[in-house]
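Just below is one structure, and these are the notes that go with it.
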Amino acid sequence: MKDQPNTPRTPDEVGVPDPFQYMHPVMKANYGNWDWHERPRPGVLRHVAKSGDVIYTVRAGTQRQMDVFTIRKLCDIGDKYADGHVRFTTRSNIEYLVADQGKVAPLIEALESEGFPVGGTGASVSMVSHTQGWLHCDIPGTDASGVVKGLMDMLHKEFVQEKMPNRLRITTSCCQINCGGQGDIAVNVQYTKPPKINHDLVANVCERPAVVARCPVAAIRPAMVNGKPSLEVDEKKCVCCGACYPPCPPMQINGDDSTKIAVWVGGKHSNARSKPTFHKLAVANLPNNAPHWPEVNDVVRRIVEAYKADAKHWERMGEWIDRIGWNRFFEMTNLAFTKHHLDTWTGARKTMNMSAHLHF
Amino acid sequence: MKDQPNTPRTPDEVGVPDPFQYMHPVMKANYGNWDWHERPRPGVLRHVAKSGDVIYTVRAGTQRQMDVFTIRKLCDIGDKYADGHVRFTTRSNIEYLVADQGKVAPLIEALESEGFPVGGTGASVSMVSHTQGWLHCDIPGTDASGVVKGLMDMLHKEFVQEKMPNRLRITTSCCQINCGGQGDIAVNVQYTKPPKINHDLVANVCERPAVVARCPVAAIRPAMVNGKPSLEVDEKKCVCCGACYPPCPPMQINGDDSTKIAVWVGGKHSNARSKPTFHKLAVANLPNNAPHWPEVNDVVRRIVEAYKADAKHWERMGEWIDRIGWNRFFEMTNLAFTKHHLDTWTGARKTMNMSAHLHF
Amino acid sequence: MKDDETQNAGRQVHPTPLLDELEDGPWPSFITGIKRLRDEGSEGNQKMMNDLLGQLNHSYENRMGYWKGGTVSVFGYGGGIIPRFSEVADKFPESKEFHTLRVMPPAGYHYTTDILRKMCDIWERHGSGLIAFHGQSGDIMFQGCTTENTQKAFDELNEIGFDLGGAGPALRTAMSCVGHARCEQSCYDEVRAHRTIINKLLDEMHRPALPYKFKFKFSGCANDCVNAIHRADFAVIGTWRDDIKIDQEKVKEHVAEKGRKYTIDTVVSMCPTRAISLNDDDTIEIDNRSCVRCMHCINVMTKALSPGDDRGVSIMIGGKRALKIGDLMGIMVVPFMRLKTDEDFDKLEDFAERVVEFFAENALEHERVGETIDRIGLPAFLEALDIEPDPNMVNHPRTSCYVRTDDFDEEAAKWFERKAREAGLQISAE
Amino acid sequence: MKDDETQNAGRQVHPTPLLDELEDGPWPSFITGIKRLRDEGSEGNQKMMNDLLGQLNHSYENRMGYWKGGTVSVFGYGGGIIPRFSEVADKFPESKEFHTLRVMPPAGYHYTTDILRKMCDIWERHGSGLIAFHGQSGDIMFQGCTTENTQKAFDELNEIGFDLGGAGPALRTAMSCVGHARCEQSCYDEVRAHRTIINKLLDEMHRPALPYKFKFKFSGCANDCVNAIHRADFAVIGTWRDDIKIDQEKVKEHVAEKGRKYTIDTVVSMCPTRAISLNDDDTIEIDNRSCVRCMHCINVMTKALSPGDDRGVSIMIGGKRALKIGDLMGIMVVPFMRLKTDEDFDKLEDFAERVVEFFAENALEHERVGETIDRIGLPAFLEALDIEPDPNMVNHPRTSCYVRTDDFDEEAAKWFERKAREAGLQISAE
Ligand code: SRM
Ligand code: SRM
Ligand code: SRM
Ligand code: SRM
Ligand code: SF4
Ligand code: SF4
Ligand code: SF4
Ligand code: SF4
Ligand code: SF4
Ligand code: SF4
Ligand code: SF4
Ligand code: SF4
């Protein structure tokens, strides 16, 4: 191979890189032997190993979609004020690992002065989990980075302090495929109209049986339209999920006006106390109002505030609502409960209140 | 009408009789105005009205399926030692209402000496809920009264004392139609073979489309057998539920050997603490071993004993098992957990453990 | 027991070796009772019960049942009788017809010994002498009657004020707990609710014309002593909207008597929504917003705690057992309906009628109303009955995004209107 | 920001009035970053980013996306690139190709500033200069590359030790929490488990041939900091079997510091199974039989409590998001697998391979493994993988009587055998 310069290089299938080559030496030395931790202040963790060794973590928010200048700036800070070892968290925050307590304060100062908020630990609102949107995806109903930016601008204060009842995790998804996860609050695209079909293109672009199979409610059937093989949608059945759109782009699901945003609440991944849960519909049909999505932000703000004001310590969003009742949740957030909140999907019956338990 | 003596009498559609004509005067006088109650001893309730009036209730077990001699005997006791007012409970126990405390002890003595156990109150094992079985029903897989008699003989001691963690309610059903309810323990028929079809009779006896519609798994289809219109069962699909048998008796679901008994646990009707629940399979395939059903009784005994020994006060059967875990329940009762315990019916997924919560 | 020769007008008594084994043991024996009818009952009772015992012992031997159905009714009614014809009548001819009359009990099952004796006398004359108090649906079951005697027995029972209950595709006999008559937990007048509804809809019971059975059950509180949520198409359960009533002195007495730790373990920790906390002075604090009216703490501290004063009922629709789609529990469809005034009872009656009407018109043949709801979805059911969606109907709102929401704003407007209306009502009521 | 004339080698800068609004506010702005690439980046970056911003502003105006997919790959691999071609390339030609390279991060996301700088340099040369740490599946996303440069960029990244991640119907990039590296809750070596499995199955990632995507995620404990249960087809979560370790002195310190009532409210009352009680001397008692290893009390009292010593993992199969049948969470399929020795890791690897193999052979096209399980039923899945049913797999045993149980005794025998085997093992291990 090597002697044929024009042949492409055969990849070196290294797989998942070994992290020990990058890991902070104190972490390496105490790998698997940590004892306890505390949070000296928001954004800072202090982990103590069984050996007595200590590592400080300073966490800061980023925009995730980073230009090389920003990354280099973060590296400069890491070299100057920390030990040159960093990691990124599940929620795209950067963490600086520091063995020396003395470095913590200057590091924080440097981060903050460069515009990187320090926080996201403990009972704070951490970074919104982020997807691709108009910036990169081929099927988005809205943007991702812009939505995240708007939310984090609004919630910045709750990122840099730990004043929530428990950690509050927000997620967004820029189409109904939902690459974002479950969230204490989830801001997701919700289509409201069946796909508009460009019948001229279907025959060329779409593998029709595959598209038919993709529909969760069997609303699509093959049909001849204007003498060409195409597809037809039973609009009465269609639940506007958008699943047909990726395999068949001529079935346009997005519309500047018909693509809407829904906000969901009470999703939880952790197993602490209650089992993990899915998030539940709070409100649908909010306008897709770029670049600031004020209607969405307003709803999120109301939910965050109600939770902050009313939940007990360690109660996650969903646990809090379960205790006070959904009635009161809708009341406190000034949102409406409608027939659309009644589940109609498979297993819907098990979501019904089949008991005399009542919240008034 | 009246002047045609041979015309049958037109019914007087009285509907639900007015109970006030039979109600004990103290109950009538304080109707809707009771204050609190206590249980001076097993089988006796003492209710105090807001007026200060007091009514004693003495509860005794009966065989439900009573001959007139037994009923008259109960009446005699009621006249002699009580005030002539009685009621029957949801579980077919008789209750004597007595205003005068002095009558309580003699009443109990009379009942006991005539063989009617006094008890069934509070944290006891009350009467098994009772169905028809071979005595009267047209589709039974087993008897009812005999099964109940056997169970209550065994649990007699737990009826006359209140030594369980909370009330323990047993139910039986003599076919898979399940006229018995949900139970802390439920002893139910469980068929194990698809129906055996007498093809000669189907055409005359069964409305075929109705039978086809009755099958929960669409396992029945119309077919011509020996030149006659009949029905066919796809035995791979059939879940042996017996639903086709009542509308089509030639589809015999019972077999002296293939009709088996399953025991279920953890059903609960009340809304106290946890929401009402369905009972869950403990063990299947126990022999239908009349007249004593020793294998069934043995299983029930083990379950009752484990619950009695281990549950906390006020925990019902299902709540206890939820706390200690099903693993330990099977261990303590020496029963097996099998693939048949994994739900496969509609909504089965929601019964799966979709969390990291584990009992070891 | 007499010996074989003398008894039963000289007929042979069937040997019942297997049944005989059910005469031991401390629990009252139905076999002993039936034998007594065979041996000492009226002549009719004796014959019928001898063969009945024979057939039953035959069942015990072969582990198979030998009854089949048929059609029997009384003049003017289409239901209420469960007909039974023996498949082994050749061997046991005297019990070849063994029908049951289902007779509705007084609401709450109250009797005098006097009325019980009258029933016994009638049944001794016209039936087998075997009566069950009660069937699982609440009927007095007069079991074992020939076709010929059915009308006679009914006529006499009817004369003393009793009526047939339900069978077949019809309104069924209802049950109500003892409630108001004796129980301090009771939140509404069960007798009145029970009689109002059933007696209004009686025609649906006596002349079966519904798609399938329909059952009402009435429990005075969430303890649900008649198992309504699982076993009724229409469950009426008492509840309250305001605060639990606390007598703090009695709370203290309870704690003093039972102990602090025990009180925490059995009351505080067992509240399903962590609504209770024990104060340092052994009084308790209840966060009534979080309370779900489960009854537990009130059950435990019956002297100290009781339901609030703003009482009424909630209604759950769709309970049933296993046939066809599996067990269903009732779904909370009316979270609260006040039930005190005549008007309140009229509203309840009206609602019950509308639900039964909906059932009559929309259910498929042999479909219970719970199955209908499952088939068409809860939103469609609510719309048909003109009921506004309420969060209490669900454990939680939908988790599935598969729904078309373009009319969300109009739906939301309804909610806000309703809330405004309720606020207005509250203001005008004050 | 420079002014229009001077910048971008004389080209017009697209006006971006809507995007400009995203430069205010306290949170770091991706727009400011992209503009800096447009204005100060390498020549390639500048051109591409100018048009990218133009297209994005166009999207903001019209509320529509303008990318479409296609096919792009690097030599030897079939996946790992997300190709993007612009539908408005006529207006914004320089970003007409804007592919993403998905690159696997080191397990646990550890980096040095040095390696980050190397990545930046490569991406400045061959891509847009825009990198995301990380995608929702854990990839480093090098976003914005022409078809031509894709191979170059990959080659250089590969040279510094990085490899492409997953895309398409393939094994996907996995995630593992920080765990052992820093966290005291961690119950197994996440790095080793993560690398062992993914590197073994690498072929399934690089040469997509599965019915659909398949994701692994690794969390050191039930706090599940990588959201594995909802978002992985195969979730590996740390747990323990023996008792929680309690340092009673530290418990007392905690109670002294936080208060007794607060401790009851936040620890005792919040235990999901009422397994904890507070003793009068401010020590605690944990009923480990009732404990479900939820982590809550350990989280709250991190100094005083910790997971037991008999550690390992549990495995949940079938999590995914909404497409086609609605969101699914993983089902507990392996309640406990010890994970300490080499042999233990071999077993885990073997099991992972078998599940992926099952998936490859049994899933329909575009079906996730959770959907397969739903389609065939959990019992069939377990049988196919030769896993013995265990009560921990369910919230509770079946409630439906619709099942054919004539082989119940044989099935029960398997359970008793297994129990005997386990008892034997325990004896021989002691
Ligand atoms: C760094 C990170 C893991 C990583 O490998 O990147 C991490 C690290 C820690 N998590 Fe986490 N969690 C991280 C994402 C998560 C996630 C996933 C997510 O956010 O998308 C969850 C699940 C969230 C959910 O349920 O939806 C998560 C649920 C928890 C919990 C459970 C909280 C609860 O009560 O429900 C704990 C326990 C606790 O708070 O003490 C926890 C605890 C911790 C501890 C305290 C563990 C320890 O002892 O070191 C770590 C410091 C947390 C802190 O911020 O105070 N971590 N943690 C992640 C930081 C994300 C961020 O930047 O915000
Ligand atoms: C890039 C990323 C979002 C992000 O910005 O972080 C992403 C982007 C896309 N996802 Fe995703 N998904 C991403 C993580 C997820 C996750 C989260 C996770 O892995 O934890 C999920 C939910 C978990 C799951 O797997 O179900 C997710 C669920 C989906 C689905 C729905 C799958 C389902 O079975 O329900 C699709 C649709 C599909 O595969 O047909 C999808 C499809 C897509 C596609 C390929 C859209 C398409 O069909 O063309 C998107 C490409 C966007 C782009 O232009 O780059 N993506 N996607 C994430 C991958 C980055 C990375 O490699 O690290
Ligand atoms: C008499 C009866 C009602 C009737 O109208 O006939 C009745 C009467 C009372 N019940 Fe009940 N219950 C009666 C059937 C039921 C049933 C239905 C059943 O057994 O089929 C239930 C639902 C059982 C279930 O959940 O499966 C029932 C669940 C309760 C509960 C809730 C128990 C729990 O913790 O889950 C209470 C509360 C309590 O125990 O204090 C209760 C409480 C009571 C009280 C204490 C109410 C009161 O203050 O008077 C009554 C005396 C009970 C006692 O035995 O100590 N009653 N009670 C029924 C007696 C049946 C029997 O003879 O055994
Ligand atoms: C007599 C009784 C059992 C008992 O000994 O107490 C009984 C006996 C029969 N039931 Fe029942 N059911 C009786 C209460 C119940 C209950 C309990 C209740 O009402 O609270 C249920 C469960 C609740 C429910 O309604 O679902 C019940 C659920 C059924 C079902 C299943 C209905 C379903 O939708 O799942 C059937 C089958 C059917 O209707 O096709 C059924 C059918 C029958 C039939 C008519 C069998 C048949 O199709 O021929 C039985 C007649 C037996 C006989 O010879 O007298 N029986 N049946 C109960 C009625 C006595 C009474 O009127 O008071
Ligand atoms: S959520 Fe939809 S639009 Fe957003 S990245 Fe995922 S697939 Fe693309
Ligand atoms: S949008 Fe969803 S429901 Fe509607 S046709 Fe497409 S795949 Fe089917
Ligand atoms: S359970 Fe079956 S056999 Fe028993 S009474 Fe009911 S319908 Fe008849
Ligand atoms: S027994 Fe049940 S499943 Fe089998 S054929 Fe009959 S109705 Fe269908
Ligand atoms: S349901 Fe409630 S009101 Fe009725 S008897 Fe039971 S405890 Fe009393
Ligand atoms: S009634 Fe139930 S929910 Fe309400 S405070 Fe008492 S125990 Fe808690
Ligand atoms: S999942 Fe558990 S082990 Fe991993 S970082 Fe989170 S708390 Fe630590
Ligand atoms: S880990 Fe969870 S279940 Fe176990 S004792 Fe602690 S709080 Fe309770």
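Please note that chains go A, B, ... in the order of the structure tokens, that every chain numbers its residues from 1, and that ligands are numbered from 1 in the order shown.
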
For the contact check between chain C and chain D, emit one row per residue of chain C within 7 Å, containing the shortest atom pair and the distance in Å rounded to one decimal, counting only C-alpha atoms, chain then rising number order, as a Markdown table.
```
| residue | atom | partner | partner_atom | distance |
| --- | --- | --- | --- | --- |
| C:Ser269 | CA | D:Ser269 | CA | 6.0 |
| C:Gly326 | CA | D:Ser400 | CA | 6.3 |
| C:Ser400 | CA | D:Gly326 | CA | 6.3 |
```

Suppose we keep C-alpha atoms; can you now write the selection as a short mmCIF file (atom, residue, chain, number, x, y, z; two decimals), in the first residue's frame?
```cif
data_model
loop_
_atom_site.label_atom_id
_atom_site.label_comp_id
_atom_site.auth_asym_id
_atom_site.auth_seq_id
_atom_site.Cartn_x
_atom_site.Cartn_y
_atom_site.Cartn_z
CA SER C 269 -43.97 7.20 56.35
CA GLY C 326 -58.01 -8.34 30.33
CA SER C 400 -46.25 10.21 23.67
#
```

* To do: Define the interface residues of chain B facing chain A as those within 8 Å, counting only C-alpha atoms, and report them as a ChimeraX atom specification.
  => /B:271,275-276,346-347,350,354-357

For the residues selected in the previous step, produce a file with all heavy atoms as a PDB file, in the first residue's frame.
```
ATOM      1  N   ASN B 271     -58.038   2.103  48.294  1.00  0.00           N
ATOM      2  CA  ASN B 271     -57.128   3.159  47.863  1.00  0.00           C
ATOM      3  C   ASN B 271     -56.224   3.615  48.995  1.00  0.00           C
ATOM      4  O   ASN B 271     -55.501   4.606  48.846  1.00  0.00           O
ATOM      5  CB  ASN B 271     -57.934   4.355  47.357  1.00  0.00           C
ATOM      6  CG  ASN B 271     -58.747   4.005  46.131  1.00  0.00           C
ATOM      7  OD1 ASN B 271     -58.269   4.131  45.012  1.00  0.00           O
ATOM      8  ND2 ASN B 271     -59.969   3.529  46.330  1.00  0.00           N
ATOM      9  N   LYS B 275     -52.408   2.913  45.330  1.00  0.00           N
ATOM     10  CA  LYS B 275     -53.590   2.803  44.480  1.00  0.00           C
ATOM     11  C   LYS B 275     -54.021   1.341  44.363  1.00  0.00           C
ATOM     12  O   LYS B 275     -53.220   0.438  44.610  1.00  0.00           O
ATOM     13  CB  LYS B 275     -53.257   3.349  43.086  1.00  0.00           C
ATOM     14  CG  LYS B 275     -52.998   4.849  43.103  1.00  0.00           C
ATOM     15  CD  LYS B 275     -52.865   5.431  41.711  1.00  0.00           C
ATOM     16  CE  LYS B 275     -52.760   6.954  41.804  1.00  0.00           C
ATOM     17  NZ  LYS B 275     -52.768   7.612  40.490  1.00  0.00           N
ATOM     18  N   PRO B 276     -55.263   1.109  43.978  1.00  0.00           N
ATOM     19  CA  PRO B 276     -55.706  -0.278  43.799  1.00  0.00           C
ATOM     20  C   PRO B 276     -54.831  -0.988  42.763  1.00  0.00           C
ATOM     21  O   PRO B 276     -54.321  -0.358  41.850  1.00  0.00           O
ATOM     22  CB  PRO B 276     -57.132  -0.118  43.250  1.00  0.00           C
ATOM     23  CG  PRO B 276     -57.563   1.250  43.637  1.00  0.00           C
ATOM     24  CD  PRO B 276     -56.321   2.084  43.692  1.00  0.00           C
ATOM     25  N   THR B 346     -51.286  -7.157  26.422  1.00  0.00           N
ATOM     26  CA  THR B 346     -51.274  -5.723  26.090  1.00  0.00           C
ATOM     27  C   THR B 346     -50.747  -4.905  27.269  1.00  0.00           C
ATOM     28  O   THR B 346     -51.187  -5.075  28.397  1.00  0.00           O
ATOM     29  CB  THR B 346     -52.728  -5.238  25.854  1.00  0.00           C
ATOM     30  OG1 THR B 346     -53.433  -6.254  25.162  1.00  0.00           O
ATOM     31  CG2 THR B 346     -52.747  -3.943  25.072  1.00  0.00           C
ATOM     32  N   GLY B 347     -49.845  -4.013  26.970  1.00  0.00           N
ATOM     33  CA  GLY B 347     -49.313  -3.167  28.041  1.00  0.00           C
ATOM     34  C   GLY B 347     -48.259  -3.880  28.862  1.00  0.00           C
ATOM     35  O   GLY B 347     -47.801  -3.349  29.875  1.00  0.00           O
ATOM     36  N   LYS B 350     -45.114  -2.113  30.222  1.00  0.00           N
ATOM     37  CA  LYS B 350     -45.164  -1.243  31.403  1.00  0.00           C
ATOM     38  C   LYS B 350     -45.034  -2.033  32.702  1.00  0.00           C
ATOM     39  O   LYS B 350     -44.926  -1.447  33.766  1.00  0.00           O
ATOM     40  CB  LYS B 350     -46.443  -0.404  31.414  1.00  0.00           C
ATOM     41  CG  LYS B 350     -46.613   0.405  30.139  1.00  0.00           C
ATOM     42  CD  LYS B 350     -47.072   1.836  30.379  1.00  0.00           C
ATOM     43  CE  LYS B 350     -46.964   2.580  29.046  1.00  0.00           C
ATOM     44  NZ  LYS B 350     -47.378   3.948  29.067  1.00  0.00           N
ATOM     45  N   MET B 354     -38.066  -1.130  34.149  1.00  0.00           N
ATOM     46  CA  MET B 354     -37.278  -0.259  33.288  1.00  0.00           C
ATOM     47  C   MET B 354     -36.563   0.746  34.177  1.00  0.00           C
ATOM     48  O   MET B 354     -36.796   1.943  34.137  1.00  0.00           O
ATOM     49  CB  MET B 354     -38.198   0.412  32.274  1.00  0.00           C
ATOM     50  CG  MET B 354     -38.814  -0.632  31.337  1.00  0.00           C
ATOM     51  SD  MET B 354     -39.935   0.045  30.129  1.00  0.00           S
ATOM     52  CE  MET B 354     -41.304   0.511  31.189  1.00  0.00           C
ATOM     53  N   SER B 355     -35.696   0.221  34.993  1.00  0.00           N
ATOM     54  CA  SER B 355     -34.946   1.046  35.942  1.00  0.00           C
ATOM     55  C   SER B 355     -33.810   0.206  36.457  1.00  0.00           C
ATOM     56  O   SER B 355     -33.718  -0.988  36.165  1.00  0.00           O
ATOM     57  CB  SER B 355     -35.839   1.433  37.124  1.00  0.00           C
ATOM     58  OG  SER B 355     -35.935   0.349  38.046  1.00  0.00           O
ATOM     59  N   ALA B 356     -32.955   0.852  37.245  1.00  0.00           N
ATOM     60  CA  ALA B 356     -31.875   0.101  37.891  1.00  0.00           C
ATOM     61  C   ALA B 356     -32.263  -0.277  39.315  1.00  0.00           C
ATOM     62  O   ALA B 356     -31.414  -0.713  40.087  1.00  0.00           O
ATOM     63  CB  ALA B 356     -30.592   0.927  37.875  1.00  0.00           C
ATOM     64  N   HIS B 357     -33.514  -0.117  39.680  1.00  0.00           N
ATOM     65  CA  HIS B 357     -33.949  -0.556  41.012  1.00  0.00           C
ATOM     66  C   HIS B 357     -33.902  -2.083  41.081  1.00  0.00           C
ATOM     67  O   HIS B 357     -34.473  -2.763  40.234  1.00  0.00           O
ATOM     68  CB  HIS B 357     -35.368  -0.073  41.299  1.00  0.00           C
ATOM     69  CG  HIS B 357     -35.456   1.388  41.653  1.00  0.00           C
ATOM     70  ND1 HIS B 357     -36.537   1.935  42.296  1.00  0.00           N
ATOM     71  CD2 HIS B 357     -34.589   2.415  41.477  1.00  0.00           C
ATOM     72  CE1 HIS B 357     -36.343   3.242  42.476  1.00  0.00           C
ATOM     73  NE2 HIS B 357     -35.173   3.555  41.986  1.00  0.00           N
TER      74      HIS B 357
END
```

* Contact set, chain D to chain B: 7 Å, only C-alpha atoms, as a VMD selection string -> chain D and resid 222 229 241 273 289 to 294 329 to 332 377 379 389 to 400 402 to 406 408 411 to 412 415 to 416

* Asked: Mind checking DSSP for stretch 312-366 of chain C and telling me the strand (DSSP E) residues as number ranges by chain?
  -> C: 312-317, 331-338

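Here atom CA of D:Asn227 stands at a distance of 17.4 Å from atom 42 (C, counted along the ligand's line) of ligand 2.
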
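Near stretch 222-225 of chain A, within 8 Å and counting only C-alpha atoms, sit His199, Arg208, Pro209, Val212, Ile220, Gly227, Lys228, Pro229, Ser230, Leu231 and Glu232 of chain A; same-chain residues fewer than 2 positions away were not included.
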
Export of the given selection (C-alpha atoms) as a compact mmCIF listing (two decimals), in the first residue's frame:
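Now in again_20.txt:
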```
# COMPACT_ATOMS: atom_id res chain seq x y z
CA HIS A 199 -45.79 13.83 -5.88
CA ARG A 208 -42.10 3.45 -1.06
CA PRO A 209 -42.51 0.23 0.98
CA VAL A 212 -45.10 2.91 4.34
CA ILE A 220 -49.51 5.99 4.35
CA GLY A 227 -50.13 8.81 -13.45
CA LYS A 228 -46.97 8.46 -11.34
CA PRO A 229 -46.37 6.08 -8.46
CA SER A 230 -46.53 8.11 -5.29
CA LEU A 231 -47.82 7.92 -1.75
CA GLU A 232 -50.99 9.10 -0.08
```

* To do: Write out as a PyMOL selection string all residues of stretch 114-344 of chain C that backbone DSSP assigns to helix (DSSP H, G or I).
  => chain C and resi 114-126+147-159+179-181+190-200+202-206+228-231+248-258+260-268+296-300+342-344

Need to verify the contact set: A:Val16, 8 Å, only C-alpha atoms, exclusion of same-chain residues closer than 3 positions in sequence. Can you return it as an mmCIF file with N, CA and C atoms, in the first residue's frame?
```cif
data_model
loop_
_atom_site.group_PDB
_atom_site.id
_atom_site.type_symbol
_atom_site.label_atom_id
_atom_site.label_comp_id
_atom_site.auth_asym_id
_atom_site.auth_seq_id
_atom_site.Cartn_x
_atom_site.Cartn_y
_atom_site.Cartn_z
ATOM 1 N N MET D 104 -14.808 9.357 17.810
ATOM 2 C CA MET D 104 -14.990 8.832 19.171
ATOM 3 C C MET D 104 -14.050 9.495 20.167
ATOM 4 N N PRO D 105 -14.584 9.917 21.306
ATOM 5 C CA PRO D 105 -13.753 10.546 22.334
ATOM 6 C C PRO D 105 -13.100 9.465 23.188
ATOM 7 N N PRO D 106 -12.098 9.832 23.956
ATOM 8 C CA PRO D 106 -11.567 8.891 24.942
ATOM 9 C C PRO D 106 -12.688 8.556 25.928
ATOM 10 N N ALA D 107 -12.752 7.327 26.380
ATOM 11 C CA ALA D 107 -13.782 6.941 27.338
ATOM 12 C C ALA D 107 -13.729 7.882 28.530
ATOM 13 N N PHE D 162 -7.183 9.077 16.922
ATOM 14 C CA PHE D 162 -8.636 9.080 17.011
ATOM 15 C C PHE D 162 -9.266 8.354 15.829
ATOM 16 N N ASP D 163 -10.455 7.854 16.065
ATOM 17 C CA ASP D 163 -11.104 6.993 15.080
ATOM 18 C C ASP D 163 -12.529 7.490 14.865
ATOM 19 N N ARG D 195 -14.340 0.388 26.631
ATOM 20 C CA ARG D 195 -13.357 0.105 25.575
ATOM 21 C C ARG D 195 -13.390 -1.362 25.176
ATOM 22 N N ILE D 198 -16.731 -1.878 22.913
ATOM 23 C CA ILE D 198 -16.774 -1.152 21.637
ATOM 24 C C ILE D 198 -15.618 -1.581 20.739
ATOM 25 N N ASN D 199 -14.432 -1.707 21.312
ATOM 26 C CA ASN D 199 -13.306 -2.058 20.466
ATOM 27 C C ASN D 199 -13.410 -3.479 19.923
#
```

* Identify, counting only C-alpha atoms and all ligand atoms, the protein, DNA and RNA residues located within 7 Å of ligand 7, and give them as a list in words. => Thr131, Gln132, Gly133, Cys137, Asp138, Ile139, Pro140, Gly141, Ala144, Ser173, Cys174, Cys175, Gln176, Ile177, Asn178, Cys179 and Gly180 of chain B

* 10 Å contact set for D:Pro26, only C-alpha atoms, chain neighbours under 4 positions out, as a ChimeraX atom specification -> /A:115-117,149-150,152-157

* Asked: So which residues touch stretch 61-76 of chain A within 7 Å, counting only C-alpha atoms, skipping near sequence neighbours fewer than 6 positions away, as a list in words?
  -> Ser92, Asn93, Ile94, Phe116, Pro117, Val118 and Met127 of chain A; Pro28, Ser29, Phe30, Gly33, Ile34, Leu37, Thr113, Arg117, Cys120, Gly129, Leu130, Ile131, Ala132, Phe133 and His134 of chain D

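The space separating atom CA of A:Pro246 from atom CA of D:Phe75 comes to 26.1 Å.
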
* To do: Could you tell me, counting only C-alpha atoms and all ligand atoms, which protein and nucleic acid residues lie no more than 7 Å from ligand 11, written as a PyMOL selection string?
  => chain D and resi 177-180+183-187+219-226

Based on the selection just made, write C-alpha atoms of those residues as a PDB file, in the first residue's frame.
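Saved as again-v4.pdb:
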```pdb
ATOM      1  CA  CYS D 177     -19.537   8.608  32.876  1.00  0.00           C
ATOM      2  CA  VAL D 178     -16.516  10.008  34.658  1.00  0.00           C
ATOM      3  CA  GLY D 179     -16.963   7.255  37.212  1.00  0.00           C
ATOM      4  CA  HIS D 180     -13.846   5.518  38.542  1.00  0.00           C
ATOM      5  CA  CYS D 183     -16.492   9.586  41.466  1.00  0.00           C
ATOM      6  CA  GLU D 184     -16.876   7.691  44.733  1.00  0.00           C
ATOM      7  CA  GLN D 185     -20.177   6.165  43.667  1.00  0.00           C
ATOM      8  CA  SER D 186     -18.693   4.251  40.780  1.00  0.00           C
ATOM      9  CA  CYS D 187     -19.227   0.492  41.054  1.00  0.00           C
ATOM     10  CA  SER D 219     -22.920   4.563  33.999  1.00  0.00           C
ATOM     11  CA  GLY D 220     -20.993   3.742  37.132  1.00  0.00           C
ATOM     12  CA  CYS D 221     -24.086   3.732  39.317  1.00  0.00           C
ATOM     13  CA  ALA D 222     -27.832   4.167  39.295  1.00  0.00           C
ATOM     14  CA  ASN D 223     -27.546   7.959  39.158  1.00  0.00           C
ATOM     15  CA  ASP D 224     -27.013   7.207  35.484  1.00  0.00           C
ATOM     16  CA  CYS D 225     -25.084  10.325  34.563  1.00  0.00           C
ATOM     17  CA  VAL D 226     -25.043   9.320  30.886  1.00  0.00           C
TER      18      VAL D 226
END
```
